[in-house]
Every structure is written in C-alpha cells, then in structure tokens.
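This is target_27.pdb. It holds PDB, C-alpha atoms.
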ATOM      1  CA  MET A   1     -37.044 -23.094  44.421
ATOM      2  CA  LYS A   2     -33.558 -24.606  44.401
ATOM      3  CA  THR A   3     -34.271 -26.211  41.012
ATOM      4  CA  LEU A   4     -35.334 -22.870  39.508
ATOM      5  CA  THR A   5     -32.211 -21.205  40.919
ATOM      6  CA  THR A   6     -30.022 -23.937  39.472
ATOM      7  CA  LEU A   7     -31.694 -23.614  36.065
ATOM      8  CA  ALA A   8     -31.283 -19.842  36.119
ATOM      9  CA  ALA A   9     -27.601 -20.165  36.980
ATOM     10  CA  SER A  10     -27.123 -22.750  34.255
ATOM     11  CA  LEU A  11     -28.853 -20.488  31.721
ATOM     12  CA  ALA A  12     -26.662 -17.557  32.738
ATOM     13  CA  LEU A  13     -23.539 -19.651  32.241
ATOM     14  CA  THR A  14     -24.765 -20.788  28.825
ATOM     15  CA  ILE A  15     -25.504 -17.214  27.727
ATOM     16  CA  GLY A  16     -22.128 -16.070  29.043
ATOM     17  CA  ALA A  17     -20.352 -18.837  27.178
ATOM     18  CA  THR A  18     -22.200 -17.993  23.973
ATOM     19  CA  GLY A  19     -21.305 -14.306  24.355
ATOM     20  CA  ALA A  20     -17.674 -15.176  24.973
ATOM     21  CA  MET A  21     -17.638 -17.357  21.871
ATOM     22  CA  ALA A  22     -19.124 -14.534  19.794
ATOM     23  CA  GLN A  23     -16.328 -12.272  21.008
ATOM     24  CA  GLU A  24     -13.434 -14.680  20.517
ATOM     25  CA  LYS A  25     -10.080 -12.898  20.314
ATOM     26  CA  VAL A  26      -9.134 -11.773  16.806
ATOM     27  CA  MET A  27      -5.488 -12.111  15.793
ATOM     28  CA  VAL A  28      -4.556  -9.539  13.174
ATOM     29  CA  GLY A  29      -1.620 -10.284  10.880
ATOM     30  CA  GLU A  30       1.082  -7.628  10.726
ATOM     31  CA  PRO A  31       3.159  -7.630   7.498
ATOM     32  CA  SER A  32       6.369  -5.616   7.435
ATOM     33  CA  TRP A  33       5.459  -2.523   5.373
ATOM     34  CA  PRO A  34       4.206   0.645   7.148
ATOM     35  CA  GLY A  35       0.760   0.769   5.524
ATOM     36  CA  ALA A  36       0.026  -2.801   6.563
ATOM     37  CA  LYS A  37       1.157  -2.188  10.155
ATOM     38  CA  ILE A  38      -1.095   0.858  10.377
ATOM     39  CA  MET A  39      -4.066  -1.012   8.908
ATOM     40  CA  SER A  40      -3.543  -3.825  11.424
ATOM     41  CA  ARG A  41      -3.872  -1.311  14.274
ATOM     42  CA  VAL A  42      -6.916   0.339  12.697
ATOM     43  CA  ILE A  43      -8.624  -3.071  12.638
ATOM     44  CA  GLY A  44      -7.460  -4.098  16.103
ATOM     45  CA  GLN A  45      -8.489  -0.853  17.783
ATOM     46  CA  ILE A  46     -11.956  -0.916  16.212
ATOM     47  CA  ILE A  47     -12.487  -4.471  17.430
ATOM     48  CA  GLU A  48     -11.488  -3.446  20.947
ATOM     49  CA  THR A  49     -13.046   0.033  21.256
ATOM     50  CA  ARG A  50     -16.150  -0.282  19.114
ATOM     51  CA  LEU A  51     -17.001  -3.982  19.256
ATOM     52  CA  GLY A  52     -15.891  -4.626  22.823
ATOM     53  CA  GLY A  53     -13.710  -7.518  21.737
ATOM     54  CA  GLU A  54     -10.064  -8.429  22.137
ATOM     55  CA  ALA A  55      -7.426  -8.166  19.423
ATOM     56  CA  GLY A  56      -3.824  -9.312  19.139
ATOM     57  CA  TYR A  57      -1.114  -8.800  16.530
ATOM     58  CA  ALA A  58       0.985 -11.436  14.795
ATOM     59  CA  PRO A  59       3.893 -10.413  12.560
ATOM     60  CA  GLY A  60       4.211 -12.577   9.484
ATOM     61  CA  ALA A  61       4.824 -12.819   5.749
ATOM     62  CA  ASN A  62       1.979 -13.155   3.260
ATOM     63  CA  ALA A  63       2.282 -16.934   2.891
ATOM     64  CA  VAL A  64       2.222 -17.474   6.663
ATOM     65  CA  ILE A  65      -0.799 -15.222   7.203
ATOM     66  CA  PHE A  66      -2.875 -16.803   4.439
ATOM     67  CA  ALA A  67      -2.051 -20.334   5.596
ATOM     68  CA  ALA A  68      -3.090 -19.430   9.152
ATOM     69  CA  MET A  69      -6.362 -17.860   7.965
ATOM     70  CA  ASP A  70      -7.025 -21.023   5.969
ATOM     71  CA  GLY A  71      -6.519 -23.136   9.116
ATOM     72  CA  GLY A  72      -9.240 -21.187  10.928
ATOM     73  CA  ARG A  73      -7.848 -21.947  14.387
ATOM     74  CA  GLY A  74      -7.308 -18.330  15.414
ATOM     75  CA  ASP A  75      -3.507 -18.268  15.029
ATOM     76  CA  ILE A  76      -3.928 -15.389  12.550
ATOM     77  CA  ASP A  77      -7.383 -14.284  11.437
ATOM     78  CA  VAL A  78      -6.795 -11.198   9.309
ATOM     79  CA  HIS A  79      -4.476  -9.921   6.577
ATOM     80  CA  PRO A  80      -4.869  -6.125   6.762
ATOM     81  CA  ASP A  81      -3.383  -5.079   3.402
ATOM     82  CA  VAL A  82      -3.776  -7.476   0.462
ATOM     83  CA  TRP A  83      -2.412  -6.056  -2.810
ATOM     84  CA  LEU A  84      -3.994  -7.473  -5.957
ATOM     85  CA  PRO A  85      -2.913  -8.753  -8.410
ATOM     86  CA  ASN A  86       0.449  -8.940  -6.547
ATOM     87  CA  GLN A  87      -0.923 -11.473  -4.059
ATOM     88  CA  SER A  88      -3.411 -13.143  -6.399
ATOM     89  CA  SER A  89      -1.713 -16.533  -6.040
ATOM     90  CA  PHE A  90      -2.911 -16.555  -2.412
ATOM     91  CA  THR A  91      -6.415 -15.295  -3.111
ATOM     92  CA  ASP A  92      -6.779 -17.739  -6.008
ATOM     93  CA  GLU A  93      -6.043 -20.618  -3.634
ATOM     94  CA  TYR A  94      -7.708 -19.583  -0.386
ATOM     95  CA  VAL A  95     -10.568 -17.332  -1.551
ATOM     96  CA  ASP A  96     -11.557 -18.775  -4.924
ATOM     97  CA  GLN A  97     -10.595 -22.436  -4.649
ATOM     98  CA  LYS A  98     -10.823 -23.383  -0.963
ATOM     99  CA  GLY A  99     -13.308 -20.729   0.127
ATOM    100  CA  THR A 100     -11.717 -20.488   3.582
ATOM    101  CA  VAL A 101     -10.772 -16.813   3.312
ATOM    102  CA  ALA A 102     -12.979 -13.817   2.408
ATOM    103  CA  LEU A 103     -12.143 -10.340   1.120
ATOM    104  CA  SER A 104     -13.668  -7.062   2.245
ATOM    105  CA  SER A 105     -16.125  -5.474  -0.158
ATOM    106  CA  GLY A 106     -14.295  -2.164   0.221
ATOM    107  CA  SER A 107     -10.818  -1.438  -1.109
ATOM    108  CA  TYR A 108      -8.462   1.370  -2.026
ATOM    109  CA  GLU A 109      -6.308   1.877  -5.106
ATOM    110  CA  GLY A 110      -2.571   1.365  -5.128
ATOM    111  CA  ARG A 111      -0.621   3.121  -7.886
ATOM    112  CA  ALA A 112       3.012   3.118  -8.989
ATOM    113  CA  GLY A 113       4.889   5.303 -11.445
ATOM    114  CA  PHE A 114       6.852   8.536 -11.420
ATOM    115  CA  CYS A 115       6.200  11.741  -9.461
ATOM    116  CA  THR A 116       7.386  15.316  -9.762
ATOM    117  CA  PRO A 117       6.693  18.275  -7.459
ATOM    118  CA  THR A 118       3.440  19.965  -8.428
ATOM    119  CA  TYR A 119       5.281  23.234  -9.071
ATOM    120  CA  MET A 120       7.065  21.436 -11.948
ATOM    121  CA  ALA A 121       3.775  20.144 -13.344
ATOM    122  CA  ASP A 122       2.066  23.525 -13.081
ATOM    123  CA  LYS A 123       4.860  25.939 -14.041
ATOM    124  CA  HIS A 124       6.588  23.828 -16.685
ATOM    125  CA  ASN A 125       3.780  21.505 -17.821
ATOM    126  CA  MET A 126       5.692  18.389 -16.818
ATOM    127  CA  LYS A 127       2.613  16.162 -16.593
ATOM    128  CA  SER A 128       3.017  13.360 -19.130
ATOM    129  CA  ILE A 129       5.667  10.649 -19.305
ATOM    130  CA  PHE A 130       6.435  11.931 -22.805
ATOM    131  CA  ASP A 131       7.164  15.406 -21.423
ATOM    132  CA  LEU A 132      10.208  13.831 -19.779
ATOM    133  CA  ALA A 133      11.627  12.734 -23.134
ATOM    134  CA  THR A 134      12.382  16.296 -24.266
ATOM    135  CA  PRO A 135      15.285  18.778 -24.299
ATOM    136  CA  MET A 136      13.233  20.968 -21.936
ATOM    137  CA  ALA A 137      13.097  18.172 -19.357
ATOM    138  CA  GLN A 138      16.826  17.623 -19.793
ATOM    139  CA  GLU A 139      17.439  21.220 -18.780
ATOM    140  CA  LEU A 140      14.820  21.414 -16.027
ATOM    141  CA  TYR A 141      15.918  18.195 -14.290
ATOM    142  CA  ASP A 142      19.681  18.770 -14.500
ATOM    143  CA  THR A 143      20.529  19.378 -10.846
ATOM    144  CA  ASN A 144      24.246  18.525 -10.944
ATOM    145  CA  GLY A 145      25.134  20.713 -13.939
ATOM    146  CA  ASP A 146      26.494  17.938 -16.170
ATOM    147  CA  GLY A 147      24.180  18.843 -19.041
ATOM    148  CA  LYS A 148      21.848  15.884 -18.561
ATOM    149  CA  GLY A 149      18.848  15.573 -16.281
ATOM    150  CA  GLU A 150      18.374  12.911 -13.628
ATOM    151  CA  ILE A 151      15.491  10.593 -12.761
ATOM    152  CA  TRP A 152      15.473   8.374  -9.664
ATOM    153  CA  VAL A 153      14.104   4.941 -10.590
ATOM    154  CA  GLY A 154      14.312   3.438  -7.084
ATOM    155  CA  ALA A 155      16.963   1.859  -4.897
ATOM    156  CA  SER A 156      19.264  -0.860  -6.165
ATOM    157  CA  GLY A 157      17.829  -4.332  -5.514
ATOM    158  CA  TRP A 158      14.142  -3.408  -5.650
ATOM    159  CA  ALA A 159      12.094  -5.353  -8.212
ATOM    160  CA  SER A 160      10.276  -2.098  -9.043
ATOM    161  CA  THR A 161      13.612  -0.443  -9.853
ATOM    162  CA  ASN A 162      14.143  -2.866 -12.718
ATOM    163  CA  VAL A 163      10.657  -2.084 -14.015
ATOM    164  CA  HIS A 164      11.358   1.628 -14.054
ATOM    165  CA  LYS A 165      14.802   1.238 -15.627
ATOM    166  CA  VAL A 166      13.042  -0.439 -18.538
ATOM    167  CA  LYS A 167      10.374   2.278 -18.652
ATOM    168  CA  VAL A 168      12.982   5.048 -18.820
ATOM    169  CA  ARG A 169      14.612   3.276 -21.770
ATOM    170  CA  ASP A 170      11.436   2.393 -23.671
ATOM    171  CA  TYR A 171       9.690   5.745 -23.240
ATOM    172  CA  GLY A 172      12.800   7.405 -24.704
ATOM    173  CA  ILE A 173      13.548   9.253 -21.469
ATOM    174  CA  GLU A 174      17.139   8.054 -20.992
ATOM    175  CA  THR A 175      18.264  10.149 -23.971
ATOM    176  CA  PHE A 176      17.536  13.216 -21.828
ATOM    177  CA  LEU A 177      17.519  12.001 -18.186
ATOM    178  CA  GLU A 178      20.051   9.707 -16.533
ATOM    179  CA  PRO A 179      18.444   7.020 -14.317
ATOM    180  CA  SER A 180      19.871   6.868 -10.773
ATOM    181  CA  THR A 181      19.550   4.114  -8.167
ATOM    182  CA  GLU A 182      20.949   5.662  -5.019
ATOM    183  CA  ASP A 183      19.721   4.502  -1.623
ATOM    184  CA  GLU A 184      16.241   5.721  -0.688
ATOM    185  CA  THR A 185      17.528   7.690   2.312
ATOM    186  CA  VAL A 186      20.100   9.457   0.153
ATOM    187  CA  PHE A 187      17.536  10.268  -2.525
ATOM    188  CA  TYR A 188      14.957  11.604  -0.063
ATOM    189  CA  SER A 189      17.599  13.941   1.353
ATOM    190  CA  ARG A 190      18.205  15.190  -2.196
ATOM    191  CA  LEU A 191      14.447  15.458  -2.759
ATOM    192  CA  LYS A 192      14.081  17.680   0.301
ATOM    193  CA  ASP A 193      16.808  20.022  -0.933
ATOM    194  CA  ALA A 194      15.256  20.165  -4.401
ATOM    195  CA  VAL A 195      11.779  20.960  -3.076
ATOM    196  CA  ASP A 196      13.119  23.572  -0.657
ATOM    197  CA  GLN A 197      14.783  25.341  -3.601
ATOM    198  CA  GLU A 198      11.983  24.605  -6.093
ATOM    199  CA  GLN A 199      14.378  22.749  -8.373
ATOM    200  CA  GLY A 200      13.432  20.083 -10.888
ATOM    201  CA  VAL A 201      13.281  16.532  -9.566
ATOM    202  CA  VAL A 202      11.427  13.462 -10.846
ATOM    203  CA  PHE A 203      11.359  10.076  -9.162
ATOM    204  CA  TYR A 204       9.768   6.653  -8.734
ATOM    205  CA  CYS A 205       6.791   6.792  -6.394
ATOM    206  CA  TYR A 206       3.743   4.862  -5.332
ATOM    207  CA  SER A 207       0.626   5.437  -3.287
ATOM    208  CA  PRO A 208      -0.324   5.198  -0.546
ATOM    209  CA  HIS A 209       3.047   6.519   0.656
ATOM    210  CA  TYR A 210       4.089   9.265   3.020
ATOM    211  CA  VAL A 211       5.684  11.298   0.221
ATOM    212  CA  HIS A 212       2.185  12.412  -0.811
ATOM    213  CA  ALA A 213       1.685  13.926   2.633
ATOM    214  CA  LEU A 214       5.252  15.163   2.959
ATOM    215  CA  TYR A 215       5.292  17.185  -0.269
ATOM    216  CA  ASP A 216       2.839  18.449  -2.868
ATOM    217  CA  VAL A 217       3.657  16.065  -5.711
ATOM    218  CA  THR A 218       1.926  15.089  -8.947
ATOM    219  CA  MET A 219       2.009  11.613 -10.443
ATOM    220  CA  ILE A 220       3.186  11.655 -14.056
ATOM    221  CA  GLU A 221       0.554  10.444 -16.527
ATOM    222  CA  GLU A 222       1.313   7.253 -18.474
ATOM    223  CA  PRO A 223      -0.670   5.340 -21.099
ATOM    224  CA  GLU A 224      -3.227   3.006 -19.540
ATOM    225  CA  HIS A 225      -1.826  -0.389 -18.611
ATOM    226  CA  ASP A 226      -1.849  -2.857 -21.499
ATOM    227  CA  PRO A 227      -0.569  -6.380 -20.754
ATOM    228  CA  ALA A 228       0.458  -6.746 -24.407
ATOM    229  CA  THR A 229       2.949  -3.882 -24.111
ATOM    230  CA  TYR A 230       4.088  -4.495 -20.523
ATOM    231  CA  LYS A 231       6.676  -7.263 -20.291
ATOM    232  CA  ILE A 232       9.115  -7.391 -17.391
ATOM    233  CA  VAL A 233      11.665 -10.151 -16.881
ATOM    234  CA  GLN A 234      13.484 -10.046 -13.544
ATOM    235  CA  PRO A 235      17.215 -10.868 -13.113
ATOM    236  CA  ASP A 236      16.453 -14.073 -11.197
ATOM    237  CA  GLN A 237      14.492 -15.280 -14.238
ATOM    238  CA  ASP A 238      17.042 -14.488 -16.937
ATOM    239  CA  ALA A 239      20.512 -12.932 -16.893
ATOM    240  CA  ASP A 240      19.534 -11.020 -20.047
ATOM    241  CA  TRP A 241      16.426  -9.620 -18.314
ATOM    242  CA  TYR A 242      16.987  -6.013 -19.389
ATOM    243  CA  ASN A 243      17.094  -6.742 -23.113
ATOM    244  CA  LYS A 244      14.188  -9.173 -22.910
ATOM    245  CA  SER A 245      11.922  -6.701 -21.099
ATOM    246  CA  SER A 246       9.737  -4.127 -22.827
ATOM    247  CA  ILE A 247       7.340  -1.599 -21.230
ATOM    248  CA  THR A 248       5.494   1.214 -23.004
ATOM    249  CA  THR A 249       2.398   1.511 -20.790
ATOM    250  CA  GLY A 250       1.771   2.306 -17.126
ATOM    251  CA  ASP A 251       1.650  -0.095 -14.214
ATOM    252  CA  GLN A 252      -1.595  -1.894 -13.528
ATOM    253  CA  VAL A 253      -3.666  -0.099 -10.902
ATOM    254  CA  LYS A 254      -3.630  -2.245  -7.784
ATOM    255  CA  THR A 255      -6.659  -3.059  -5.657
ATOM    256  CA  VAL A 256      -5.818  -3.219  -1.953
ATOM    257  CA  THR A 257      -8.288  -4.957   0.321
ATOM    258  CA  VAL A 258      -8.577  -6.769   3.673
ATOM    259  CA  ALA A 259      -8.700 -10.557   3.915
ATOM    260  CA  TYR A 260     -10.071 -12.532   6.868
ATOM    261  CA  SER A 261     -10.651 -16.126   7.855
ATOM    262  CA  LYS A 262     -14.217 -17.192   7.135
ATOM    263  CA  SER A 263     -14.102 -19.087  10.439
ATOM    264  CA  LEU A 264     -14.669 -15.693  12.097
ATOM    265  CA  GLU A 265     -18.244 -15.794  10.821
ATOM    266  CA  GLU A 266     -18.829 -18.442  13.510
ATOM    267  CA  ARG A 267     -16.144 -17.536  16.037
ATOM    268  CA  ASN A 268     -16.719 -13.760  16.063
ATOM    269  CA  PRO A 269     -19.625 -12.723  13.813
ATOM    270  CA  ALA A 270     -19.406  -9.040  14.767
ATOM    271  CA  ALA A 271     -15.743  -8.846  13.716
ATOM    272  CA  ALA A 272     -16.453 -10.745  10.485
ATOM    273  CA  SER A 273     -19.272  -8.358   9.606
ATOM    274  CA  PHE A 274     -17.047  -5.330  10.237
ATOM    275  CA  LEU A 275     -14.149  -6.766   8.216
ATOM    276  CA  SER A 276     -16.424  -7.494   5.290
ATOM    277  CA  GLN A 277     -17.274  -3.761   5.019
ATOM    278  CA  ILE A 278     -14.009  -1.974   5.829
ATOM    279  CA  ASP A 279     -13.099   0.523   3.085
ATOM    280  CA  MET A 280      -9.919   2.568   3.672
ATOM    281  CA  ASP A 281      -8.969   5.684   1.692
ATOM    282  CA  ALA A 282      -5.462   5.788   0.173
ATOM    283  CA  ASP A 283      -4.925   9.493   0.977
ATOM    284  CA  GLU A 284      -5.885   8.935   4.615
ATOM    285  CA  LEU A 285      -3.444   6.033   4.837
ATOM    286  CA  SER A 286      -0.691   8.180   3.293
ATOM    287  CA  GLN A 287      -1.311  10.799   6.007
ATOM    288  CA  LEU A 288      -1.077   8.149   8.713
ATOM    289  CA  THR A 289       2.179   6.729   7.314
ATOM    290  CA  TYR A 290       3.571  10.274   7.239
ATOM    291  CA  GLN A 291       2.732  10.776  10.919
ATOM    292  CA  VAL A 292       4.290   7.461  11.927
ATOM    293  CA  VAL A 293       7.309   7.213   9.600
ATOM    294  CA  ILE A 294       8.298  10.877   9.200
ATOM    295  CA  GLN A 295       6.991  12.591  12.330
ATOM    296  CA  GLY A 296       7.768   9.613  14.577
ATOM    297  CA  LYS A 297       4.327   9.496  16.165
ATOM    298  CA  ASP A 298       3.480   6.333  18.091
ATOM    299  CA  ILE A 299       1.495   4.094  15.761
ATOM    300  CA  ASP A 300      -1.246   3.317  18.287
ATOM    301  CA  ALA A 301      -1.632   6.993  19.190
ATOM    302  CA  ALA A 302      -1.802   8.015  15.531
ATOM    303  CA  VAL A 303      -4.456   5.409  14.783
ATOM    304  CA  SER A 304      -6.443   6.250  17.913
ATOM    305  CA  ASP A 305      -6.520   9.940  16.966
ATOM    306  CA  TRP A 306      -7.571   9.107  13.407
ATOM    307  CA  LEU A 307     -10.398   6.866  14.584
ATOM    308  CA  ALA A 308     -11.647   9.570  16.952
ATOM    309  CA  ALA A 309     -11.687  12.100  14.112
ATOM    310  CA  ASN A 310     -13.351   9.754  11.619
ATOM    311  CA  GLY A 311     -16.234   8.308  13.589
ATOM    312  CA  ASP A 312     -18.683   8.551  10.686
ATOM    313  CA  THR A 313     -16.366   6.531   8.460
ATOM    314  CA  VAL A 314     -16.005   3.835  11.099
ATOM    315  CA  ASP A 315     -19.779   3.839  11.647
ATOM    316  CA  GLY A 316     -20.138   3.005   7.969
ATOM    317  CA  TRP A 317     -17.761   0.065   8.313
ATOM    318  CA  LEU A 318     -19.834  -1.142  11.247
ATOM    319  CA  GLY A 319     -23.097  -0.778   9.336
ATOM    320  CA  LEU A 320     -24.390   1.979  11.618
ATOM    321  CA  ASN A 321     -25.184   4.565   8.934
TER     322      ASN A 321
END
Spell out the structure here as structure tokens.
Amino acid sequence: MKTLTTLAASLALTIGATGAMAQEKVMVGEPSWPGAKIMSRVIGQIIETRLGGEAGYAPGANAVIFAAMDGGRGDIDVHPDVWLPNQSSFTDEYVDQKGTVALSSGSYEGRAGFCTPTYMADKHNMKSIFDLATPMAQELYDTNGDGKGEIWVGASGWASTNVHKVKVRDYGIETFLEPSTEDETVFYSRLKDAVDQEQGVVFYCYSPHYVHALYDVTMIEEPEHDPATYKIVQPDQDADWYNKSSITTGDQVKTVTVAYSKSLEERNPAAASFLSQIDMDADELSQLTYQVVIQGKDIDAAVSDWLAANGDTVDGWLGLN
C-alpha cells in the first residue's frame, strides 16, 4: 500500500513538473514605439488570461530582442511588432538562416505617405499626389497667407523626413507647396486648428497611427512602389544625399508581424501555437494607440477592454473557431 502511495505521489509530481514546463513564463519584448508596446500587452494578457500562463515584459531594441530570441533561454521570447522589410536583416539571419526564430502567419499592413483631411479629398478632390502639384492646391493649402501652400514632411532629424523632402521635390509639389519640418507637437497643434476650421492641411503620415482615430483623414494616392524609381540616400551615407536621391513612386507597403523564439515550441507549446496565429488589424491598433497616447488611458486597461470586446478575434488566434 505504501509503495502504491509513493508511486502515485511520484506520478503526481512528474505530471505537475511537466505542466509547469509547458507553461514556462513568456518574456515579451517591448520596443519603444507605442504600437509595439500595445502589442506586447495584447500578447502578455492573452497568455495570462486565456492560456493560464505567466508573462513578463522586457524593454529592448530590435537587435537585443532578436539576439535573445535566438538564444532560446527565456530572456526575451517575443518581438511583438516586426516591420518588414525594415527589419529584414534580423529575419534573414534568425528566421531564414539560423531557424531559431519564427514569424506569425498573420500580419497587418504598415503604410507611409501623405494624408489630408477627408473633407479636402471629398470637397476639393485632393486625392492624388499629383493633385498637390497644382495652382489649386497652392491656394487651398496656403494657411499663412504668403501665397504659397504648405506641406509638413515630418520633424527635423527623422529619416522619413528626408524621404518626403525628396518626394515633394520630385513629384513637382514644391513649386506650389513649401515643405515644413516643425516639431511634431507643434505641427499637431496646427493640424487641430486646421481641422477645427476645415482649412486645407496636408502632412506626412503612416499607419497604424493614432491620427487615423483622432481625425477623419485620407491617405493621398501615389504610384505603386517601384524600386527602380525609389532611391533614397541618407545624410550619414553621403553629404550630397539630397541631390543623389530620386523618388517618383510610393513607399513600399510594410508587412508587420510577430516574431517568437522557436524554443517556445518545447518550453511553452500553447504560447507558441497562439503566437503562430496572431493576426492584428491596423485600424484596431490605431484606435488603441489613440486611447493610450491621446486620451491618456492606462495601457493595460485599454488592452484589457479591447480583449474583452474582441473575444471572437482572440478565439481565432487561439484556434478555437
């Protein structure tokens, strides 16, 4: 009888240990930008509330997160917001070459370009990039009364600002609209005033971003991205970067996905299965960034509310429907 009891206790300990191993804590990387921070909490909360596991968060840059996922020791297990081709040097090494990191099958699109309030697109037919290179645009987007329109190309120092300076030149827009590079906070204050008064304003934008939830804006149409007609040289590459750059097509549409350490397939199979199927929507993420960045809502509360309202979506990520 004592032997049977001992065997039963031993079996229970073995099962418990196996269960604990299957639910090993998942450390979710937390890059600095708002969308990535929100995605990290979406992943962490699902692991804790739906899978019954434990999650932690580890701030870090892309290189640090990918190296940790490659190590497979649990220091960092997940990168919540991988932008491709921007981060393709990491996926080439760790996903394609080493095979230590996997990408989710789901993804959302990331886009960059110029936006204008939808009332400008609808009332004045300002929909194409070539509509901005016209005397009509010059008049409609002249908010300071100097006879020339304005177009915000981003803040000084951003790599994207240099891209859009070149675009404004090569699309012929700068003949009619003066590019500005004021600080983002200053510009968004001006944007609010313009929208409140239904004035003309056009500006650099990308999605997902809270501006799409903050205002009704339309992204300006550009010719489809063509690598042959899209050449950008940055100042750290050549002092004559502006003259050596040339862009006459739109930015490449980005694919944004989740990356995770393949070691999770052994250390926490349930989490690995979930991460392989996660498939976020860009508009939903824009709404969440609006709540957190603009409305000041606590990030965990915002994510918790979103998960409660989107149970069917989460069920799909968990393979339950």
Excluding segment 58-65 of chain A and its own-chain neighbours fewer than 3 positions away, which residues fall within 7 Å of it when counting all atoms listed in the file? Please give them as number ranges by chain.
A: 27-31, 68-69, 76, 79
If the PyMOL selection byres ((chain A and resi 240-243) around 12) were run on this exact file, what residues would it hold? Put them as a ChimeraX atom specification.
/A:159,161-170,231-239,244-247
Chain and number of each residue from the PyMOL selection byres ((chain A and resi 138) around 10), as a VMD selection string:
chain A and resid 132 to 137 139 to 143 147 to 150 173 to 178 200
Would you output that residue set with C-alpha atoms, as a short mmCIF file (atom, residue, chain, number, x, y, z; two decimals), in the coordinates of the input?
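So the final result, stored in selection-v6.cif, reads:
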data_model
loop_
_atom_site.label_atom_id
_atom_site.label_comp_id
_atom_site.auth_asym_id
_atom_site.auth_seq_id
_atom_site.Cartn_x
_atom_site.Cartn_y
_atom_site.Cartn_z
CA LEU A 132 10.21 13.83 -19.78
CA ALA A 133 11.63 12.73 -23.13
CA THR A 134 12.38 16.30 -24.27
CA PRO A 135 15.28 18.78 -24.30
CA MET A 136 13.23 20.97 -21.94
CA ALA A 137 13.10 18.17 -19.36
CA GLU A 139 17.44 21.22 -18.78
CA LEU A 140 14.82 21.41 -16.03
CA TYR A 141 15.92 18.20 -14.29
CA ASP A 142 19.68 18.77 -14.50
CA THR A 143 20.53 19.38 -10.85
CA GLY A 147 24.18 18.84 -19.04
CA LYS A 148 21.85 15.88 -18.56
CA GLY A 149 18.85 15.57 -16.28
CA GLU A 150 18.37 12.91 -13.63
CA ILE A 173 13.55 9.25 -21.47
CA GLU A 174 17.14 8.05 -20.99
CA THR A 175 18.26 10.15 -23.97
CA PHE A 176 17.54 13.22 -21.83
CA LEU A 177 17.52 12.00 -18.19
CA GLU A 178 20.05 9.71 -16.53
CA GLY A 200 13.43 20.08 -10.89
#
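With distances taken over all atoms listed in the file, A:Glu222 is the one residue among A:Asp300, A:Glu222, A:Asp81, A:Glu198 lying closest to Val253 of chain A.
By chain and then residue number, the residues within 12 Å of Ala112 of chain A are Glu109, Cys115, Val153, Gly154, Ser160, Thr161, Val163, His164, Phe203, Tyr204, Cys205, Tyr206, Ser207, Pro208, His209, Met219, Ile220, Glu221, Glu222, His225, Thr249, Gly250, Asp251, Gln252, Val253, Lys254 and Thr255 of chain A, counting all atoms listed in the file and disregarding those fewer than 3 positions away in sequence.
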Quick one: residues within 10 Å of Asp281 of chain A, all atoms listed in the file, excluding same-chain residues fewer than 4 positions away - as a PyMOL selection string?
chain A and resi 106-109+208+285-286
Selected by the PyMOL selection byres ((chain A and resi 310-316) around 12) in the shown coordinates: which residues, as JSON, numbers by chain?
{"A": [42, 43, 45, 46, 47, 49, 50, 51, 106, 273, 274, 275, 276, 277, 278, 279, 280, 281, 284, 303, 304, 305, 306, 307, 308, 309, 317, 318, 319, 320, 321]}
Residue among A:Pro179, A:Gly52, A:Gly35, A:Gly145 lying closest to Ala270 of chain A, counting all atoms listed in the file
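Of the candidates, the smallest distance to Ala270 of chain A is held by A:Gly52.
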To one decimal in Å, tell me the separation between atom CA of Val195 of chain A and atom CA of Asn125 of chain A.
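Separation between atom CA of Val195 of chain A and atom CA of Asn125 of chain A: 16.8 Å.
Distances to Val256 of chain A were evaluated for A:Gln291, A:Asn268, A:Ser88, A:Thr100 using all atoms listed in the file, and the minimum falls at A:Ser88.
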